[in-house]
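Chemist: Dumping the structure here so I can ask a few things about it.
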Amino acid sequence: MRVTQKIIFDNFMRDVNKNRREMAEIQSDLSSGKKVRMPSQSPVDFQSSRILEADLNKIEQFQNNISSGLRQGRLAQDTMNGVLDSLINIKNSMVQGSSDSIGEDERVNLADEVSGIRKQIVDSLNIQYGERYLFAGTNSGEKPFELAGGVVTNNSNNKPPHVVAADGVEIDISITGEEVADSPAGDMFQFIGDVEDALRNNDNQQLNNLLTDADQVINHVTDLTSKLGDNINRMDFMFEQYESTKITQESDISELVDTNYAKAFSDMQRNQVAYESAMAVHGKMFENTLLNYI
């Protein structure tokens, strides 16, 4: 086949245009930071990255749920620890009041202390997070406990608030008021009322009888606090697992669609050299004209 000047020029222009297209793509990769910006560039990588990004969005939502749950759970745990301390103080008053070494007036003073502790417990269990009462169960808009005339009314239910920590995984973030009050010794606030009555009635025998109930109530609250602590530890563990998963998936997405800057700069330099070489060769090959032979 005869190779004419036109063929040489057409081949030259095709190669130069190819080089310029590659340069434009490299420049776009470098300026955008993405080597895959649309499905046509790499259908498989584009689709894989979108699936991973959807998973990441779901993970971040679960982490947001867990973060909120941890804040509320830790607040509820602190409250339960305070209730436990209050119950221990009531037991100490019972032990003191059951002694034959104190008189009626001192027992009345102890009864006043127990009454004050009961009010503290009620106020503690009525704690709010935002507009939610933490110990009201799903009746979160209603104050769980009301104290009037020494009688505590329980407005909570037995459905604890929870967070969705994963697909199909719900974790309780608090204890319901019903759970707190319903001890093996009966209603916790009824027990406290019985202690107060025994002190006011100067009945140290009844106080001795109630000591066993005191231990049961304290153990009951301890168990609930431990249960809440287990849920908090579980949420902590899941949050850290999600952090590790995010790092891995973000790395995978970057590998699929992000620009490899070292490779891109190397390709740009290679294309630049090829372009300059092509232009130099073009100048040499086409510098001869009819004027050279005149």
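To be explicit about the labels: the chains of the structure tokens are called A, B, and onward in the order shown, and within each one the residues are counted from 1, while ligands get numbers from 1 in the order they are shown.
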Compile the contact shell of region 53-57 of chain A as a list in words: residues with an atom at most 9 Å away, counting only C-alpha atoms, same-chain residues fewer than 3 positions apart removed.

Modeler: Ser48, Ser49, Arg50, Glu60, Gln61, Phe62, Thr245, Lys246, Gln249, Glu250 and Ile253 of chain A

Chemist: Let me make sure I understand: among A:Thr212, A:Gln63, A:Asn139, A:Gln205, which one has the smallest atom-to-atom distance to Gly177 (chain A) if we use only C-alpha atoms?

Modeler: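 Among A:Thr212, A:Gln63, A:Asn139, A:Gln205, it is A:Asn139 that comes nearest to Gly177 (chain A).
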
Chemist: Run DSSP on the backbone and give me the residues of region 28-227 of chain A it puts in strand (DSSP E or B), as a list in words.

Modeler: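 Residues meeting the strand (DSSP E or B) criterion: Lys34, Gln128, Tyr129, Arg132, Tyr133, Phe145, Glu146, Leu147, Ala148, Val151, Val152, Thr153, Asn154, His162, Val163, Val164, Ala165, Ala166, Val169, Glu170, Ile171, Asp172, Asp182, Ser183, Gly186 and Asp187 of chain A.
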
Chemist: Keeping N, CA and C atoms for every residue in the selection just given, could you write it to a file as a PDB file, in the first residue's frame?

Modeler:
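Contents of out21.pdb, freshly written:
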```
ATOM      1  N   LYS A  34     -11.828  11.900  41.463  1.00  0.00           N
ATOM      2  CA  LYS A  34     -12.543  10.667  41.161  1.00  0.00           C
ATOM      3  C   LYS A  34     -12.116  10.148  39.786  1.00  0.00           C
ATOM      4  N   GLN A 128     -35.807  13.626  82.817  1.00  0.00           N
ATOM      5  CA  GLN A 128     -36.121  13.741  81.401  1.00  0.00           C
ATOM      6  C   GLN A 128     -34.858  13.829  80.559  1.00  0.00           C
ATOM      7  N   TYR A 129     -34.954  13.316  79.335  1.00  0.00           N
ATOM      8  CA  TYR A 129     -33.932  13.537  78.310  1.00  0.00           C
ATOM      9  C   TYR A 129     -34.655  14.219  77.156  1.00  0.00           C
ATOM     10  N   ARG A 132     -38.483  13.572  76.778  1.00  0.00           N
ATOM     11  CA  ARG A 132     -38.826  12.188  77.107  1.00  0.00           C
ATOM     12  C   ARG A 132     -38.506  11.885  78.562  1.00  0.00           C
ATOM     13  N   TYR A 133     -39.470  11.291  79.266  1.00  0.00           N
ATOM     14  CA  TYR A 133     -39.212  10.769  80.605  1.00  0.00           C
ATOM     15  C   TYR A 133     -38.576   9.387  80.455  1.00  0.00           C
ATOM     16  N   PHE A 145     -43.909   8.979  87.787  1.00  0.00           N
ATOM     17  CA  PHE A 145     -44.278   8.839  89.199  1.00  0.00           C
ATOM     18  C   PHE A 145     -44.800  10.164  89.750  1.00  0.00           C
ATOM     19  N   GLU A 146     -45.857  10.059  90.527  1.00  0.00           N
ATOM     20  CA  GLU A 146     -46.420  11.223  91.201  1.00  0.00           C
ATOM     21  C   GLU A 146     -46.567  10.895  92.683  1.00  0.00           C
ATOM     22  N   LEU A 147     -46.075  11.798  93.516  1.00  0.00           N
ATOM     23  CA  LEU A 147     -46.116  11.612  94.965  1.00  0.00           C
ATOM     24  C   LEU A 147     -47.119  12.587  95.576  1.00  0.00           C
ATOM     25  N   ALA A 148     -48.092  12.043  96.289  1.00  0.00           N
ATOM     26  CA  ALA A 148     -49.097  12.889  96.949  1.00  0.00           C
ATOM     27  C   ALA A 148     -49.550  12.198  98.226  1.00  0.00           C
ATOM     28  N   VAL A 151     -48.270   8.739  99.071  1.00  0.00           N
ATOM     29  CA  VAL A 151     -48.601   7.655  98.138  1.00  0.00           C
ATOM     30  C   VAL A 151     -48.008   7.970  96.768  1.00  0.00           C
ATOM     31  N   VAL A 152     -47.321   6.991  96.187  1.00  0.00           N
ATOM     32  CA  VAL A 152     -46.695   7.168  94.869  1.00  0.00           C
ATOM     33  C   VAL A 152     -47.553   6.484  93.812  1.00  0.00           C
ATOM     34  N   THR A 153     -47.984   7.253  92.826  1.00  0.00           N
ATOM     35  CA  THR A 153     -48.753   6.712  91.701  1.00  0.00           C
ATOM     36  C   THR A 153     -47.808   6.451  90.533  1.00  0.00           C
ATOM     37  N   ASN A 154     -47.904   5.248  89.972  1.00  0.00           N
ATOM     38  CA  ASN A 154     -47.020   4.838  88.876  1.00  0.00           C
ATOM     39  C   ASN A 154     -47.771   4.949  87.558  1.00  0.00           C
ATOM     40  N   HIS A 162     -36.286   1.934  73.366  1.00  0.00           N
ATOM     41  CA  HIS A 162     -35.165   1.222  72.758  1.00  0.00           C
ATOM     42  C   HIS A 162     -34.659   1.979  71.536  1.00  0.00           C
ATOM     43  N   VAL A 163     -33.508   1.552  71.054  1.00  0.00           N
ATOM     44  CA  VAL A 163     -32.970   2.068  69.798  1.00  0.00           C
ATOM     45  C   VAL A 163     -32.754   0.896  68.853  1.00  0.00           C
ATOM     46  N   VAL A 164     -32.837   1.191  67.557  1.00  0.00           N
ATOM     47  CA  VAL A 164     -32.530   0.185  66.532  1.00  0.00           C
ATOM     48  C   VAL A 164     -31.031   0.258  66.259  1.00  0.00           C
ATOM     49  N   ALA A 165     -30.314  -0.784  66.668  1.00  0.00           N
ATOM     50  CA  ALA A 165     -28.855  -0.783  66.570  1.00  0.00           C
ATOM     51  C   ALA A 165     -28.344  -1.530  65.340  1.00  0.00           C
ATOM     52  N   ALA A 166     -29.198  -2.293  64.693  1.00  0.00           N
ATOM     53  CA  ALA A 166     -28.852  -3.025  63.471  1.00  0.00           C
ATOM     54  C   ALA A 166     -30.156  -3.543  62.886  1.00  0.00           C
ATOM     55  N   VAL A 169     -32.305  -5.600  65.193  1.00  0.00           N
ATOM     56  CA  VAL A 169     -31.705  -5.580  66.541  1.00  0.00           C
ATOM     57  C   VAL A 169     -32.158  -4.327  67.279  1.00  0.00           C
ATOM     58  N   GLU A 170     -32.892  -4.507  68.362  1.00  0.00           N
ATOM     59  CA  GLU A 170     -33.338  -3.407  69.207  1.00  0.00           C
ATOM     60  C   GLU A 170     -32.745  -3.574  70.600  1.00  0.00           C
ATOM     61  N   ILE A 171     -32.221  -2.487  71.161  1.00  0.00           N
ATOM     62  CA  ILE A 171     -31.580  -2.537  72.470  1.00  0.00           C
ATOM     63  C   ILE A 171     -32.283  -1.546  73.400  1.00  0.00           C
ATOM     64  N   ASP A 172     -32.700  -2.041  74.570  1.00  0.00           N
ATOM     65  CA  ASP A 172     -33.343  -1.169  75.551  1.00  0.00           C
ATOM     66  C   ASP A 172     -32.328  -0.168  76.101  1.00  0.00           C
ATOM     67  N   ASP A 182     -41.573  -2.884  90.750  1.00  0.00           N
ATOM     68  CA  ASP A 182     -42.050  -4.252  90.988  1.00  0.00           C
ATOM     69  C   ASP A 182     -40.914  -5.145  91.457  1.00  0.00           C
ATOM     70  N   SER A 183     -40.653  -5.150  92.752  1.00  0.00           N
ATOM     71  CA  SER A 183     -39.566  -5.952  93.325  1.00  0.00           C
ATOM     72  C   SER A 183     -40.110  -7.271  93.874  1.00  0.00           C
ATOM     73  N   GLY A 186     -42.466  -6.906  96.655  1.00  0.00           N
ATOM     74  CA  GLY A 186     -43.647  -6.097  96.387  1.00  0.00           C
ATOM     75  C   GLY A 186     -43.261  -4.741  95.854  1.00  0.00           C
ATOM     76  N   ASP A 187     -44.222  -3.828  95.859  1.00  0.00           N
ATOM     77  CA  ASP A 187     -43.982  -2.497  95.325  1.00  0.00           C
ATOM     78  C   ASP A 187     -42.916  -1.774  96.158  1.00  0.00           C
TER      79      ASP A 187
END
```

Chemist: Got a sec to tell me which of region 79-249 of chain A DSSP assigns to helix (DSSP H, G or I), as a ChimeraX atom specification?

Modeler: /A:79-97,104-125,177-181,188-200,204-249

Chemist: Write out, as a CSV table (one decimal), in the first residue's frame, the residues just selected, with C-alpha atoms.

Modeler:
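Saved file part-v1.csv follows:
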```csv
chain,number,residue,atom,x,y,z
A,79,THR,CA,-30.1,7.6,88.0
A,80,MET,CA,-30.4,3.9,89.0
A,81,ASN,CA,-27.1,4.1,90.9
A,82,GLY,CA,-28.5,7.1,92.8
A,83,VAL,CA,-31.7,5.1,93.6
A,84,LEU,CA,-29.6,2.2,94.8
A,85,ASP,CA,-27.6,4.6,97.1
A,86,SER,CA,-30.9,5.9,98.4
A,87,LEU,CA,-32.2,2.5,99.2
A,88,ILE,CA,-29.0,1.6,101.0
A,89,ASN,CA,-29.5,4.8,103.1
A,90,ILE,CA,-33.0,3.7,103.9
A,91,LYS,CA,-31.7,0.3,105.1
A,92,ASN,CA,-29.1,2.0,107.3
A,93,SER,CA,-32.0,4.0,108.8
A,94,MET,CA,-33.9,0.8,109.4
A,95,VAL,CA,-30.9,-0.8,111.1
A,96,GLN,CA,-30.5,2.2,113.3
A,97,GLY,CA,-34.2,2.4,114.0
A,104,GLU,CA,-39.3,7.3,119.8
A,105,ASP,CA,-38.3,10.9,118.9
A,106,GLU,CA,-35.2,9.6,117.1
A,107,ARG,CA,-37.3,7.1,115.1
A,108,VAL,CA,-39.6,10.0,114.1
A,109,ASN,CA,-36.5,11.9,112.8
A,110,LEU,CA,-35.5,8.8,110.9
A,111,ALA,CA,-39.0,8.5,109.5
A,112,ASP,CA,-38.7,12.1,108.2
A,113,GLU,CA,-35.4,11.1,106.6
A,114,VAL,CA,-37.0,8.1,104.9
A,115,SER,CA,-39.8,10.3,103.6
A,116,GLY,CA,-37.3,12.8,102.2
A,117,ILE,CA,-35.4,9.9,100.5
A,118,ARG,CA,-38.6,8.6,98.9
A,119,LYS,CA,-39.2,12.1,97.4
A,120,GLN,CA,-35.6,12.1,96.1
A,121,ILE,CA,-36.2,8.7,94.5
A,122,VAL,CA,-39.4,9.9,92.8
A,123,ASP,CA,-37.7,13.1,91.6
A,124,SER,CA,-34.8,11.0,90.2
A,125,LEU,CA,-37.0,8.6,88.4
A,177,GLY,CA,-41.0,2.5,86.1
A,178,GLU,CA,-43.0,-0.7,86.4
A,179,GLU,CA,-39.8,-2.7,86.4
A,180,VAL,CA,-38.2,-0.5,89.0
A,181,ALA,CA,-41.1,-0.6,91.4
A,188,MET,CA,-40.8,-0.6,96.2
A,189,PHE,CA,-42.6,2.5,97.2
A,190,GLN,CA,-45.0,0.5,99.4
A,191,PHE,CA,-42.0,-1.0,101.1
A,192,ILE,CA,-40.6,2.5,101.7
A,193,GLY,CA,-44.0,3.6,103.1
A,194,ASP,CA,-44.1,0.6,105.4
A,195,VAL,CA,-40.6,1.5,106.7
A,196,GLU,CA,-41.7,5.1,107.4
A,197,ASP,CA,-44.8,3.9,109.2
A,198,ALA,CA,-42.9,1.5,111.3
A,199,LEU,CA,-40.5,4.3,112.4
A,200,ARG,CA,-43.3,6.7,113.2
A,204,ASN,CA,-38.7,-1.8,116.0
A,205,GLN,CA,-40.0,-5.3,115.6
A,206,GLN,CA,-41.6,-4.4,112.3
A,207,LEU,CA,-38.4,-2.8,111.2
A,208,ASN,CA,-36.6,-6.0,111.9
A,209,ASN,CA,-39.2,-7.9,109.8
A,210,LEU,CA,-38.7,-5.5,106.9
A,211,LEU,CA,-34.9,-5.9,106.8
A,212,THR,CA,-35.3,-9.0,104.6
A,213,ASP,CA,-37.6,-7.0,102.2
A,214,ALA,CA,-34.9,-4.2,102.2
A,215,ASP,CA,-32.3,-6.7,100.9
A,216,GLN,CA,-34.7,-8.0,98.2
A,217,VAL,CA,-35.5,-4.4,97.0
A,218,ILE,CA,-31.8,-3.5,96.9
A,219,ASN,CA,-30.9,-6.7,95.0
A,220,HIS,CA,-33.7,-6.0,92.6
A,221,VAL,CA,-32.5,-2.5,91.8
A,222,THR,CA,-28.9,-3.8,91.6
A,223,ASP,CA,-30.0,-6.4,89.0
A,224,LEU,CA,-31.8,-3.8,86.9
A,225,THR,CA,-28.8,-1.5,87.0
A,226,SER,CA,-26.5,-4.4,85.9
A,227,LYS,CA,-29.0,-5.2,83.1
A,228,LEU,CA,-28.8,-1.6,81.9
A,229,GLY,CA,-25.0,-1.6,82.1
A,230,ASP,CA,-24.9,-4.8,79.9
A,231,ASN,CA,-27.0,-3.0,77.3
A,232,ILE,CA,-24.7,0.1,77.4
A,233,ASN,CA,-21.6,-2.2,77.0
A,234,ARG,CA,-23.4,-3.9,74.0
A,235,MET,CA,-24.1,-0.6,72.4
A,236,ASP,CA,-20.5,0.5,73.0
A,237,PHE,CA,-19.2,-2.7,71.4
A,238,MET,CA,-21.5,-2.3,68.3
A,239,PHE,CA,-20.5,1.3,67.9
A,240,GLU,CA,-16.8,0.3,67.8
A,241,GLN,CA,-17.6,-2.5,65.3
A,242,TYR,CA,-19.3,0.0,63.0
A,243,GLU,CA,-16.3,2.3,63.2
A,244,SER,CA,-14.0,-0.6,62.0
A,245,THR,CA,-16.5,-1.5,59.3
A,246,LYS,CA,-16.7,2.1,58.1
A,247,ILE,CA,-12.9,2.4,57.8
A,248,THR,CA,-12.8,-0.8,55.7
A,249,GLN,CA,-15.7,0.2,53.4
```

Chemist: Of the residues A:Asp45, A:Leu52, A:Ile127, A:Leu134, which is the one nearest to Gln72 (chain A), using only C-alpha atoms?

Modeler: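 Looking at the shortest contact to Gln72 (chain A), the residue is A:Leu134.
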
Chemist: In Å, with one decimal, what is the gap from CA of Gly103 (chain A) to CA of Asn202 (chain A)?

Modeler: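 That distance, rounded to one decimal, is 7.9 Å.
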